[in-house]
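With PDB, C-alpha atoms, pLDDT in the B column inside, this is coords-v8.pdb:
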ATOM      1  CA  MET U   1     -72.961 -32.792-142.544  1.00 66.00           C
ATOM      2  CA  ALA U   2     -71.548 -29.350-141.839  1.00 67.00           C
ATOM      3  CA  LEU U   3     -71.164 -28.317-138.211  1.00 62.00           C
ATOM      4  CA  PRO U   4     -71.772 -24.667-137.259  1.00 61.00           C
ATOM      5  CA  ARG U   5     -68.034 -23.968-137.293  1.00 63.00           C
ATOM      6  CA  ASP U   6     -67.815 -25.350-140.839  1.00 86.00           C
ATOM      7  CA  ILE U   7     -70.510 -23.111-142.348  1.00 94.00           C
ATOM      8  CA  VAL U   8     -69.051 -20.697-144.899  1.00 96.00           C
ATOM      9  CA  THR U   9     -70.703 -17.277-144.898  1.00 97.00           C
ATOM     10  CA  GLY U  10     -72.006 -16.477-148.375  1.00 97.00           C
ATOM     11  CA  ASP U  11     -72.458 -20.126-149.400  1.00 98.00           C
ATOM     12  CA  TYR U  12     -75.673 -22.085-149.911  1.00 98.00           C
ATOM     13  CA  TYR U  13     -76.792 -25.048-147.797  1.00 98.00           C
ATOM     14  CA  HIS U  14     -79.433 -27.758-147.954  1.00 97.00           C
ATOM     15  CA  VAL U  15     -80.893 -27.744-144.445  1.00 98.00           C
ATOM     16  CA  TYR U  16     -83.265 -30.477-143.331  1.00 97.00           C
ATOM     17  CA  ASN U  17     -84.540 -32.483-140.390  1.00 97.00           C
ATOM     18  CA  ARG U  18     -87.303 -34.908-139.505  1.00 96.00           C
ATOM     19  CA  GLY U  19     -89.360 -35.888-136.506  1.00 96.00           C
ATOM     20  CA  ALA U  20     -87.953 -38.138-133.787  1.00 93.00           C
ATOM     21  CA  PHE U  21     -88.535 -41.797-134.704  1.00 89.00           C
ATOM     22  CA  LYS U  22     -89.899 -40.474-138.031  1.00 88.00           C
ATOM     23  CA  ASN U  23     -93.013 -39.304-136.174  1.00 93.00           C
ATOM     24  CA  GLY U  24     -95.296 -36.687-137.662  1.00 95.00           C
ATOM     25  CA  ILE U  25     -94.418 -33.224-136.423  1.00 97.00           C
ATOM     26  CA  HIS U  26     -96.840 -31.206-138.563  1.00 97.00           C
ATOM     27  CA  ARG U  27    -100.214 -32.792-137.874  1.00 97.00           C
ATOM     28  CA  ASP U  28    -102.686 -30.212-139.102  1.00 98.00           C
ATOM     29  CA  ARG U  29    -102.947 -26.810-140.724  1.00 98.00           C
ATOM     30  CA  ALA U  30    -102.209 -24.948-137.496  1.00 98.00           C
ATOM     31  CA  ASP U  31     -98.901 -26.808-137.119  1.00 98.00           C
ATOM     32  CA  TYR U  32     -97.856 -26.067-140.690  1.00 98.00           C
ATOM     33  CA  MET U  33     -98.700 -22.385-140.251  1.00 98.00           C
ATOM     34  CA  ARG U  34     -96.709 -22.130-137.036  1.00 98.00           C
ATOM     35  CA  PHE U  35     -93.607 -23.810-138.463  1.00 98.00           C
ATOM     36  CA  LEU U  36     -93.749 -21.878-141.734  1.00 98.00           C
ATOM     37  CA  PHE U  37     -93.992 -18.584-139.866  1.00 98.00           C
ATOM     38  CA  GLY U  38     -90.622 -19.336-138.293  1.00 98.00           C
ATOM     39  CA  VAL U  39     -89.083 -20.279-141.631  1.00 98.00           C
ATOM     40  CA  ILE U  40     -90.137 -16.937-143.135  1.00 98.00           C
ATOM     41  CA  ALA U  41     -89.922 -14.501-140.219  1.00 97.00           C
ATOM     42  CA  PHE U  42     -86.919 -15.759-138.266  1.00 98.00           C
ATOM     43  CA  GLN U  43     -84.463 -14.878-141.049  1.00 98.00           C
ATOM     44  CA  SER U  44     -83.562 -11.907-138.869  1.00 97.00           C
ATOM     45  CA  PRO U  45     -83.364 -11.356-135.067  1.00 95.00           C
ATOM     46  CA  VAL U  46     -86.615  -9.328-135.123  1.00 94.00           C
ATOM     47  CA  GLN U  47     -88.828 -10.429-132.221  1.00 93.00           C
ATOM     48  CA  PHE U  48     -92.591 -10.969-132.457  1.00 92.00           C
ATOM     49  CA  PRO U  49     -94.591 -10.732-129.204  1.00 87.00           C
ATOM     50  CA  GLN U  50     -97.600 -12.535-130.697  1.00 90.00           C
ATOM     51  CA  VAL U  51     -96.218 -15.270-132.942  1.00 95.00           C
ATOM     52  CA  GLY U  52     -99.309 -17.426-132.563  1.00 95.00           C
ATOM     53  CA  ARG U  53    -101.647 -14.677-133.671  1.00 96.00           C
ATOM     54  CA  LEU U  54     -99.479 -13.744-136.640  1.00 96.00           C
ATOM     55  CA  ALA U  55     -99.122 -17.383-137.700  1.00 97.00           C
ATOM     56  CA  ARG U  56    -102.906 -17.715-137.771  1.00 97.00           C
ATOM     57  CA  THR U  57    -103.154 -14.921-140.349  1.00 97.00           C
ATOM     58  CA  PHE U  58    -101.760 -17.283-143.002  1.00 98.00           C
ATOM     59  CA  SER U  59    -103.486 -17.409-146.371  1.00 97.00           C
ATOM     60  CA  ASP U  60    -102.559 -19.964-149.044  1.00 97.00           C
ATOM     61  CA  THR U  61    -102.405 -17.215-151.644  1.00 96.00           C
ATOM     62  CA  ASP U  62    -101.145 -14.222-149.635  1.00 96.00           C
ATOM     63  CA  GLY U  63     -98.911 -15.654-146.916  1.00 97.00           C
ATOM     64  CA  PHE U  64     -98.817 -14.004-143.479  1.00 97.00           C
ATOM     65  CA  ASP U  65    -100.203 -10.598-142.576  1.00 96.00           C
ATOM     66  CA  ILE U  66     -96.922  -9.311-141.175  1.00 93.00           C
ATOM     67  CA  PRO U  67     -97.031  -5.560-140.404  1.00 91.00           C
ATOM     68  CA  GLU U  68     -95.210  -3.571-143.074  1.00 92.00           C
ATOM     69  CA  ASP U  69     -92.689  -2.094-140.643  1.00 92.00           C
ATOM     70  CA  SER U  70     -91.841  -5.541-139.229  1.00 92.00           C
ATOM     71  CA  PHE U  71     -91.498  -6.921-142.758  1.00 94.00           C
ATOM     72  CA  GLY U  72     -89.055  -4.134-143.588  1.00 94.00           C
ATOM     73  CA  HIS U  73     -87.040  -4.753-140.430  1.00 95.00           C
ATOM     74  CA  ILE U  74     -86.743  -8.468-141.242  1.00 96.00           C
ATOM     75  CA  LEU U  75     -85.574  -7.692-144.751  1.00 95.00           C
ATOM     76  CA  GLU U  76     -83.003  -5.162-143.594  1.00 96.00           C
ATOM     77  CA  SER U  77     -81.514  -7.272-140.796  1.00 97.00           C
ATOM     78  CA  ARG U  78     -81.533 -10.790-142.247  1.00 97.00           C
ATOM     79  CA  THR U  79     -78.725 -13.086-141.153  1.00 98.00           C
ATOM     80  CA  VAL U  80     -79.737 -15.716-143.742  1.00 98.00           C
ATOM     81  CA  GLU U  81     -81.371 -15.704-147.149  1.00 98.00           C
ATOM     82  CA  LEU U  82     -84.118 -18.252-147.843  1.00 98.00           C
ATOM     83  CA  VAL U  83     -84.137 -19.643-151.403  1.00 98.00           C
ATOM     84  CA  SER U  84     -86.523 -22.616-151.333  1.00 98.00           C
ATOM     85  CA  PHE U  85     -88.532 -24.606-148.802  1.00 98.00           C
ATOM     86  CA  CYS U  86     -90.900 -27.545-148.509  1.00 98.00           C
ATOM     87  CA  ILE U  87     -92.616 -28.693-145.315  1.00 98.00           C
ATOM     88  CA  LEU U  88     -94.185 -32.132-145.045  1.00 97.00           C
ATOM     89  CA  GLY U  89     -95.758 -34.147-142.243  1.00 96.00           C
ATOM     90  CA  ASN U  90     -92.604 -35.542-140.669  1.00 96.00           C
ATOM     91  CA  HIS U  91     -89.762 -33.533-142.214  1.00 97.00           C
ATOM     92  CA  PHE U  92     -88.748 -30.342-143.963  1.00 98.00           C
ATOM     93  CA  HIS U  93     -86.239 -29.108-146.552  1.00 98.00           C
ATOM     94  CA  LEU U  94     -84.756 -25.633-146.910  1.00 98.00           C
ATOM     95  CA  ILE U  95     -82.172 -24.016-149.166  1.00 98.00           C
ATOM     96  CA  VAL U  96     -80.503 -21.235-147.215  1.00 98.00           C
ATOM     97  CA  ARG U  97     -77.540 -18.916-147.743  1.00 98.00           C
ATOM     98  CA  GLU U  98     -75.769 -17.585-144.681  1.00 98.00           C
ATOM     99  CA  LEU U  99     -75.325 -13.796-144.836  1.00 98.00           C
ATOM    100  CA  VAL U 100     -73.734 -13.184-141.412  1.00 97.00           C
ATOM    101  CA  GLU U 101     -71.324 -15.458-139.573  1.00 96.00           C
ATOM    102  CA  GLY U 102     -73.322 -17.727-137.275  1.00 97.00           C
ATOM    103  CA  GLY U 103     -76.570 -16.676-138.939  1.00 97.00           C
ATOM    104  CA  LEU U 104     -77.581 -20.139-140.132  1.00 98.00           C
ATOM    105  CA  MET U 105     -77.059 -21.680-136.704  1.00 97.00           C
ATOM    106  CA  ARG U 106     -79.095 -18.957-134.959  1.00 97.00           C
ATOM    107  CA  TYR U 107     -81.842 -19.168-137.581  1.00 98.00           C
ATOM    108  CA  MET U 108     -82.276 -22.923-137.224  1.00 98.00           C
ATOM    109  CA  GLN U 109     -81.982 -22.916-133.435  1.00 97.00           C
ATOM    110  CA  ARG U 110     -84.705 -20.306-133.228  1.00 97.00           C
ATOM    111  CA  ILE U 111     -87.002 -22.170-135.634  1.00 98.00           C
ATOM    112  CA  GLU U 112     -86.614 -25.566-133.959  1.00 98.00           C
ATOM    113  CA  LEU U 113     -86.667 -24.354-130.352  1.00 97.00           C
ATOM    114  CA  ALA U 114     -89.771 -22.232-130.945  1.00 97.00           C
ATOM    115  CA  TYR U 115     -91.563 -25.051-132.731  1.00 98.00           C
ATOM    116  CA  THR U 116     -90.584 -27.632-130.106  1.00 97.00           C
ATOM    117  CA  LYS U 117     -92.017 -25.419-127.356  1.00 97.00           C
ATOM    118  CA  TYR U 118     -95.203 -24.863-129.376  1.00 97.00           C
ATOM    119  CA  PHE U 119     -95.588 -28.568-130.247  1.00 97.00           C
ATOM    120  CA  ASN U 120     -95.006 -29.890-126.722  1.00 97.00           C
ATOM    121  CA  THR U 121     -97.386 -27.335-125.231  1.00 97.00           C
ATOM    122  CA  ARG U 122    -100.123 -27.954-127.769  1.00 97.00           C
ATOM    123  CA  TYR U 123    -100.014 -31.749-127.557  1.00 96.00           C
ATOM    124  CA  GLY U 124     -99.171 -32.058-123.857  1.00 95.00           C
ATOM    125  CA  VAL U 125     -95.955 -33.973-124.423  1.00 93.00           C
ATOM    126  CA  SER U 126     -92.311 -33.434-123.504  1.00 91.00           C
ATOM    127  CA  GLY U 127     -88.928 -34.296-124.913  1.00 88.00           C
ATOM    128  CA  HIS U 128     -87.423 -34.100-128.352  1.00 93.00           C
ATOM    129  CA  VAL U 129     -89.570 -33.284-131.344  1.00 96.00           C
ATOM    130  CA  TYR U 130     -86.751 -33.713-133.869  1.00 96.00           C
ATOM    131  CA  GLU U 131     -84.588 -36.735-134.568  1.00 93.00           C
ATOM    132  CA  GLY U 132     -81.503 -34.756-133.668  1.00 92.00           C
ATOM    133  CA  ARG U 133     -79.691 -31.639-134.700  1.00 93.00           C
ATOM    134  CA  TYR U 134     -80.673 -30.288-138.113  1.00 96.00           C
ATOM    135  CA  LYS U 135     -78.444 -31.281-141.033  1.00 96.00           C
ATOM    136  CA  ALA U 136     -76.751 -28.701-143.245  1.00 97.00           C
ATOM    137  CA  LYS U 137     -75.224 -30.006-146.467  1.00 96.00           C
ATOM    138  CA  HIS U 138     -73.011 -27.650-148.451  1.00 96.00           C
ATOM    139  CA  ILE U 139     -74.189 -26.893-151.988  1.00 97.00           C
ATOM    140  CA  GLY U 140     -70.915 -26.838-153.873  1.00 94.00           C
ATOM    141  CA  ASP U 141     -71.944 -25.925-157.401  1.00 96.00           C
ATOM    142  CA  ASN U 142     -74.766 -24.526-159.487  1.00 96.00           C
ATOM    143  CA  GLU U 143     -75.789 -27.888-160.954  1.00 94.00           C
ATOM    144  CA  TYR U 144     -76.425 -29.253-157.478  1.00 95.00           C
ATOM    145  CA  LEU U 145     -78.262 -26.071-156.450  1.00 96.00           C
ATOM    146  CA  MET U 146     -80.599 -26.343-159.431  1.00 95.00           C
ATOM    147  CA  HIS U 147     -81.249 -30.051-159.016  1.00 94.00           C
ATOM    148  CA  LEU U 148     -81.835 -29.669-155.295  1.00 96.00           C
ATOM    149  CA  SER U 149     -84.362 -26.892-155.841  1.00 96.00           C
ATOM    150  CA  ALA U 150     -86.288 -29.127-158.264  1.00 96.00           C
ATOM    151  CA  TYR U 151     -86.073 -32.097-155.879  1.00 95.00           C
ATOM    152  CA  ILE U 152     -87.413 -30.074-152.956  1.00 96.00           C
ATOM    153  CA  HIS U 153     -90.286 -28.710-155.027  1.00 96.00           C
ATOM    154  CA  ARG U 154     -91.194 -32.203-156.281  1.00 94.00           C
ATOM    155  CA  ASN U 155     -91.595 -33.583-152.738  1.00 93.00           C
ATOM    156  CA  PRO U 156     -95.384 -33.083-152.441  1.00 93.00           C
ATOM    157  CA  ARG U 157     -96.001 -35.479-155.341  1.00 88.00           C
ATOM    158  CA  GLU U 158     -95.455 -38.268-152.805  1.00 83.00           C
ATOM    159  CA  LEU U 159     -98.712 -37.143-151.168  1.00 89.00           C
ATOM    160  CA  LYS U 160    -101.741 -38.517-153.027  1.00 85.00           C
ATOM    161  CA  PRO U 161    -103.883 -35.360-152.890  1.00 89.00           C
ATOM    162  CA  TRP U 162    -101.041 -33.302-154.329  1.00 91.00           C
ATOM    163  CA  LYS U 163     -99.603 -35.563-157.045  1.00 87.00           C
ATOM    164  CA  GLY U 164     -99.696 -33.497-160.227  1.00 87.00           C
ATOM    165  CA  ARG U 165    -100.705 -30.437-158.180  1.00 91.00           C
ATOM    166  CA  GLU U 166     -97.356 -29.621-156.588  1.00 93.00           C
ATOM    167  CA  ALA U 167     -97.599 -25.972-157.619  1.00 93.00           C
ATOM    168  CA  GLU U 168    -100.710 -25.585-155.456  1.00 95.00           C
ATOM    169  CA  TYR U 169     -99.187 -27.079-152.306  1.00 97.00           C
ATOM    170  CA  PRO U 170     -99.290 -24.205-149.777  1.00 97.00           C
ATOM    171  CA  TRP U 171     -96.341 -25.352-147.644  1.00 98.00           C
ATOM    172  CA  SER U 172     -93.754 -25.181-150.408  1.00 98.00           C
ATOM    173  CA  SER U 173     -92.053 -22.317-152.201  1.00 98.00           C
ATOM    174  CA  TYR U 174     -92.808 -23.974-155.555  1.00 97.00           C
ATOM    175  CA  ARG U 175     -96.038 -22.001-155.889  1.00 96.00           C
ATOM    176  CA  ASP U 176     -94.019 -18.834-155.223  1.00 97.00           C
ATOM    177  CA  TYR U 177     -91.763 -19.699-158.165  1.00 96.00           C
ATOM    178  CA  VAL U 178     -94.492 -20.422-160.690  1.00 94.00           C
ATOM    179  CA  LYS U 179     -97.302 -18.196-159.351  1.00 93.00           C
ATOM    180  CA  GLU U 180     -97.287 -15.001-157.272  1.00 94.00           C
ATOM    181  CA  ASN U 181     -94.418 -14.760-154.773  1.00 96.00           C
ATOM    182  CA  ARG U 182     -96.162 -14.511-151.379  1.00 97.00           C
ATOM    183  CA  TRP U 183     -93.035 -13.376-149.533  1.00 97.00           C
ATOM    184  CA  GLY U 184     -91.508 -10.627-151.652  1.00 96.00           C
ATOM    185  CA  GLY U 185     -87.841 -10.100-150.818  1.00 96.00           C
ATOM    186  CA  LEU U 186     -87.983 -12.670-148.014  1.00 97.00           C
ATOM    187  CA  LEU U 187     -87.759 -15.412-150.647  1.00 98.00           C
ATOM    188  CA  ALA U 188     -84.569 -15.013-152.680  1.00 97.00           C
ATOM    189  CA  GLN U 189     -85.665 -16.934-155.761  1.00 96.00           C
ATOM    190  CA  GLU U 190     -83.611 -14.946-158.274  1.00 95.00           C
ATOM    191  CA  ILE U 191     -80.576 -17.268-157.995  1.00 96.00           C
ATOM    192  CA  ILE U 192     -82.807 -19.967-159.517  1.00 96.00           C
ATOM    193  CA  LEU U 193     -85.262 -18.115-161.762  1.00 95.00           C
ATOM    194  CA  ASP U 194     -82.694 -15.807-163.354  1.00 94.00           C
ATOM    195  CA  GLN U 195     -81.199 -18.873-165.042  1.00 93.00           C
ATOM    196  CA  PHE U 196     -84.289 -19.198-167.218  1.00 92.00           C
ATOM    197  CA  ALA U 197     -84.994 -16.969-170.192  1.00 80.00           C
ATOM    198  CA  GLY U 198     -88.366 -15.770-171.453  1.00 81.00           C
ATOM    199  CA  THR U 199     -91.272 -16.753-169.222  1.00 82.00           C
ATOM    200  CA  LYS U 200     -89.107 -17.791-166.307  1.00 83.00           C
ATOM    201  CA  GLU U 201     -91.904 -19.265-164.189  1.00 83.00           C
ATOM    202  CA  SER U 202     -93.224 -21.635-166.874  1.00 88.00           C
ATOM    203  CA  ASN U 203     -89.701 -22.617-167.916  1.00 92.00           C
ATOM    204  CA  TYR U 204     -88.843 -23.411-164.321  1.00 94.00           C
ATOM    205  CA  ALA U 205     -92.004 -25.513-163.984  1.00 93.00           C
ATOM    206  CA  ASP U 206     -90.946 -27.525-167.051  1.00 92.00           C
ATOM    207  CA  TYR U 207     -87.500 -27.972-165.514  1.00 94.00           C
ATOM    208  CA  VAL U 208     -88.959 -29.290-162.262  1.00 94.00           C
ATOM    209  CA  LYS U 209     -91.243 -31.711-164.081  1.00 90.00           C
ATOM    210  CA  SER U 210     -88.403 -33.108-166.180  1.00 88.00           C
ATOM    211  CA  SER U 211     -85.778 -33.183-163.434  1.00 83.00           C
ATOM    212  CA  PRO U 212     -84.675 -36.712-162.438  1.00 71.00           C
ATOM    213  CA  ALA U 213     -86.138 -37.701-159.080  1.00 60.00           C
ATOM    214  CA  LYS U 214     -82.819 -38.356-157.373  1.00 60.00           C
ATOM    215  CA  GLU U 215     -83.275 -39.131-153.684  1.00 55.00           C
ATOM    216  CA  PHE U 216     -81.454 -37.430-150.836  1.00 54.00           C
ATOM    217  CA  ASP U 217     -80.887 -39.211-147.537  1.00 54.00           C
ATOM    218  CA  LEU U 218     -82.640 -37.690-144.555  1.00 50.00           C
TER
END

Exercise: express the given structure as structure tokens:
Amino acid sequence: MALPRDIVTGDYYHVYNRGAFKNGIHRDRADYMRFLFGVIAFQSPVQFPQVGRLARTFSDTDGFDIPEDSFGHILESRTVELVSFCILGNHFHLIVRELVEGGLMRYMQRIELAYTKYFNTRYGVSGHVYEGRYKAKHIGDNEYLMHLSAYIHRNPRELKPWKGREAEYPWSSYRDYVKENRWGGLLAQEIILDQFAGTKESNYADYVKSSPAKEFDL
């Protein structure tokens, strides 16, 4: 796995981690909302004095009610570009491109530190929430990028309530690819969707469905 000093600015990375001892780290809707807020909003150094309140504004169809000026500031000052994501009970997957040197490291440190503080406070525990430092695997070519995007978006099919309904899963960017994009410019999906002609969203959905379910080690 790439260390911070090995990250190449401008390149894409598969970033992932799981709970310590494979424990669940997203236990209910409030946990998912809080973690997802970090994934979306922490792409830039913009600070939010009321993260908890903003996270609770989440809507499955509309995302977070981030003030327009804050949204613009995030977009203008991003240090990373988020391409795809999927959050499950005990782990998460992201595809991220570093825009500024050190941006990926700062982005992930902020996400995991903020969520660890939230989790330990909410559940009255202490210690490590994650198994260790997040992993960042370099995405070396377009074929791997495309397959990885499909793999990440297929993840919810392992959950009984969501098998066959992956495009409705609220904690994945898949619905943003095949339905309305809830995040606007804060989800850089063009690198994937622009490779499909015609009705890009439906063509991408067909690609995900037909993509081989190759496993990636966590």

Selection near region 84-94 of chain U, 6 Å with only C-alpha atoms, sequence-local residues under 5 positions removed, as a PyMOL selection string: chain U and resi 14-19+23-26+171-173

Matched chain/residue IDs from the PyMOL selection byres ((chain U and resi 157) around 12), as a VMD selection string: chain U and resid 86 88 150 to 156 158 to 169 172 174 208 to 209 213

Hits of the PyMOL selection byres ((chain U and resi 28-31) around 9) in this structure, as a ChimeraX atom specification: /U:25-27,32-36,55-56,89,115,118-119

Explicit residue set for the PyMOL selection byres ((chain U and resi 204) around 9), as an MDAnalysis selection string: chainID U and resid 150 177:178 192:193 195:196 199:203 205:209

File of the preceding selection, C-alpha atoms, as a PDB file, in the frame of the given file:
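What ended up in part.pdb:
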ATOM      1  CA  ALA U 150     -86.288 -29.127-158.264  1.00 96.00           C
ATOM      2  CA  TYR U 177     -91.763 -19.699-158.165  1.00 96.00           C
ATOM      3  CA  VAL U 178     -94.492 -20.422-160.690  1.00 94.00           C
ATOM      4  CA  ILE U 192     -82.807 -19.967-159.517  1.00 96.00           C
ATOM      5  CA  LEU U 193     -85.262 -18.115-161.762  1.00 95.00           C
ATOM      6  CA  GLN U 195     -81.199 -18.873-165.042  1.00 93.00           C
ATOM      7  CA  PHE U 196     -84.289 -19.198-167.218  1.00 92.00           C
ATOM      8  CA  THR U 199     -91.272 -16.753-169.222  1.00 82.00           C
ATOM      9  CA  LYS U 200     -89.107 -17.791-166.307  1.00 83.00           C
ATOM     10  CA  GLU U 201     -91.904 -19.265-164.189  1.00 83.00           C
ATOM     11  CA  SER U 202     -93.224 -21.635-166.874  1.00 88.00           C
ATOM     12  CA  ASN U 203     -89.701 -22.617-167.916  1.00 92.00           C
ATOM     13  CA  ALA U 205     -92.004 -25.513-163.984  1.00 93.00           C
ATOM     14  CA  ASP U 206     -90.946 -27.525-167.051  1.00 92.00           C
ATOM     15  CA  TYR U 207     -87.500 -27.972-165.514  1.00 94.00           C
ATOM     16  CA  VAL U 208     -88.959 -29.290-162.262  1.00 94.00           C
ATOM     17  CA  LYS U 209     -91.243 -31.711-164.081  1.00 90.00           C
TER      18      LYS U 209
END

Top pick for closest residue to Ser77 (chain U), considering U:Phe42, U:Tyr144, U:Phe37, U:Phe21 and counting all atoms listed in the file: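 Closest candidate: U:Phe42.
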
Surrounding residues of region 182-184 of chain U excluding itself and chain neighbours under 6 positions, 7 Å, only C-alpha atoms, as an NGL selection string: :U and (61-63 or 176)

How big is the axis-aligned box around the listed atoms of region 200-213 of chain U once 6 Å is added on each side, and where is its centre? Give both in Å to one decimal, as AutoDock Vina command-line options.
--center_x -88.9 --center_y -27.7 --center_z -163.5 --size_x 20.5 --size_y 31.9 --size_z 20.8

Between CA of Ser70 (chain U) and CA of Arg53 (chain U), distance in Å (one decimal): 14.5 Å

Length of the CA of Pro67 (chain U) to CA of Gln189 (chain U) vector [Å]: 22.2 Å

Which of U:Asp194, U:Asp60, U:Glu112, U:Glu101 sits closest to Gly10 (chain U) [using all atoms listed in the file]: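 Ranked by minimum distance to Gly10 (chain U), first place goes to U:Glu101.
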
Nearest to His147 (chain U) by atom-to-atom distance, counting all atoms listed in the file, from U:Gln47, U:Thr57, U:Thr79, U:Ser211: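 Nearest candidate to His147 (chain U) out of U:Gln47, U:Thr57, U:Thr79, U:Ser211: U:Ser211.
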
Two-atom distance - CA of Ala188 (chain U), CA of Pro170 (chain U) (Å):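 Separating CA of Ala188 (chain U) from CA of Pro170 (chain U) is a distance of 17.6 Å.
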
Closest of U:Leu113, U:Ile66, U:Leu104, U:Ile139 to Val80 (chain U) - atom-to-atom distances counting only C-alpha atoms: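 That would be U:Leu104, the residue with the smallest distance to Val80 (chain U).
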
Residue nearest Asp65 (chain U) - candidates U:Val46, U:Ile95, U:Leu187, U:Ala41, atoms counted: only C-alpha atoms: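 The shortest atom-to-atom distance to Asp65 (chain U) comes from U:Ala41.
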
Reconstruct N, CA and C atoms of region 95-114 of chain U; output as a PDB file, in the coordinates of the input.
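Wrote it out as rebuild_27.pdb, contents follow:
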ATOM      1  N   ILE U  95     -83.442 -24.479-148.597  1.00 98.00           N
ATOM      2  CA  ILE U  95     -82.172 -24.016-149.166  1.00 98.00           C
ATOM      3  C   ILE U  95     -81.934 -22.628-148.604  1.00 98.00           C
ATOM      4  N   VAL U  96     -80.792 -22.464-147.950  1.00 98.00           N
ATOM      5  CA  VAL U  96     -80.503 -21.235-147.215  1.00 98.00           C
ATOM      6  C   VAL U  96     -79.077 -20.784-147.522  1.00 98.00           C
ATOM      7  N   ARG U  97     -78.890 -19.482-147.636  1.00 98.00           N
ATOM      8  CA  ARG U  97     -77.540 -18.916-147.743  1.00 98.00           C
ATOM      9  C   ARG U  97     -77.258 -18.098-146.493  1.00 98.00           C
ATOM     10  N   GLU U  98     -76.141 -18.357-145.861  1.00 98.00           N
ATOM     11  CA  GLU U  98     -75.769 -17.585-144.681  1.00 98.00           C
ATOM     12  C   GLU U  98     -75.226 -16.224-145.108  1.00 98.00           C
ATOM     13  N   LEU U  99     -75.755 -15.160-144.521  1.00 98.00           N
ATOM     14  CA  LEU U  99     -75.325 -13.796-144.836  1.00 98.00           C
ATOM     15  C   LEU U  99     -74.380 -13.225-143.787  1.00 98.00           C
ATOM     16  N   VAL U 100     -74.525 -13.685-142.544  1.00 97.00           N
ATOM     17  CA  VAL U 100     -73.734 -13.184-141.412  1.00 97.00           C
ATOM     18  C   VAL U 100     -73.175 -14.397-140.681  1.00 97.00           C
ATOM     19  N   GLU U 101     -71.939 -14.319-140.262  1.00 96.00           N
ATOM     20  CA  GLU U 101     -71.324 -15.458-139.573  1.00 96.00           C
ATOM     21  C   GLU U 101     -72.182 -15.901-138.378  1.00 96.00           C
ATOM     22  N   GLY U 102     -72.491 -17.183-138.333  1.00 97.00           N
ATOM     23  CA  GLY U 102     -73.322 -17.727-137.275  1.00 97.00           C
ATOM     24  C   GLY U 102     -74.807 -17.581-137.536  1.00 97.00           C
ATOM     25  N   GLY U 103     -75.159 -16.941-138.654  1.00 97.00           N
ATOM     26  CA  GLY U 103     -76.570 -16.676-138.939  1.00 97.00           C
ATOM     27  C   GLY U 103     -77.390 -17.933-139.159  1.00 97.00           C
ATOM     28  N   LEU U 104     -76.832 -18.903-139.859  1.00 98.00           N
ATOM     29  CA  LEU U 104     -77.581 -20.139-140.132  1.00 98.00           C
ATOM     30  C   LEU U 104     -77.864 -20.892-138.843  1.00 98.00           C
ATOM     31  N   MET U 105     -76.874 -20.979-137.980  1.00 97.00           N
ATOM     32  CA  MET U 105     -77.059 -21.680-136.704  1.00 97.00           C
ATOM     33  C   MET U 105     -78.151 -21.000-135.869  1.00 97.00           C
ATOM     34  N   ARG U 106     -78.097 -19.666-135.766  1.00 97.00           N
ATOM     35  CA  ARG U 106     -79.095 -18.957-134.959  1.00 97.00           C
ATOM     36  C   ARG U 106     -80.491 -19.082-135.565  1.00 97.00           C
ATOM     37  N   TYR U 107     -80.564 -19.025-136.870  1.00 98.00           N
ATOM     38  CA  TYR U 107     -81.842 -19.168-137.581  1.00 98.00           C
ATOM     39  C   TYR U 107     -82.477 -20.521-137.277  1.00 98.00           C
ATOM     40  N   MET U 108     -81.717 -21.585-137.430  1.00 98.00           N
ATOM     41  CA  MET U 108     -82.276 -22.923-137.224  1.00 98.00           C
ATOM     42  C   MET U 108     -82.554 -23.207-135.753  1.00 98.00           C
ATOM     43  N   GLN U 109     -81.710 -22.730-134.865  1.00 97.00           N
ATOM     44  CA  GLN U 109     -81.982 -22.916-133.435  1.00 97.00           C
ATOM     45  C   GLN U 109     -83.292 -22.239-133.053  1.00 97.00           C
ATOM     46  N   ARG U 110     -83.492 -21.042-133.568  1.00 97.00           N
ATOM     47  CA  ARG U 110     -84.705 -20.306-133.228  1.00 97.00           C
ATOM     48  C   ARG U 110     -85.943 -21.014-133.788  1.00 97.00           C
ATOM     49  N   ILE U 111     -85.872 -21.463-135.029  1.00 98.00           N
ATOM     50  CA  ILE U 111     -87.002 -22.170-135.634  1.00 98.00           C
ATOM     51  C   ILE U 111     -87.343 -23.430-134.834  1.00 98.00           C
ATOM     52  N   GLU U 112     -86.341 -24.267-134.578  1.00 98.00           N
ATOM     53  CA  GLU U 112     -86.614 -25.566-133.959  1.00 98.00           C
ATOM     54  C   GLU U 112     -86.962 -25.436-132.482  1.00 98.00           C
ATOM     55  N   LEU U 113     -86.330 -24.534-131.768  1.00 97.00           N
ATOM     56  CA  LEU U 113     -86.667 -24.354-130.352  1.00 97.00           C
ATOM     57  C   LEU U 113     -88.087 -23.803-130.198  1.00 97.00           C
ATOM     58  N   ALA U 114     -88.428 -22.813-131.026  1.00 97.00           N
ATOM     59  CA  ALA U 114     -89.771 -22.232-130.945  1.00 97.00           C
ATOM     60  C   ALA U 114     -90.829 -23.265-131.304  1.00 97.00           C
TER      61      ALA U 114
END
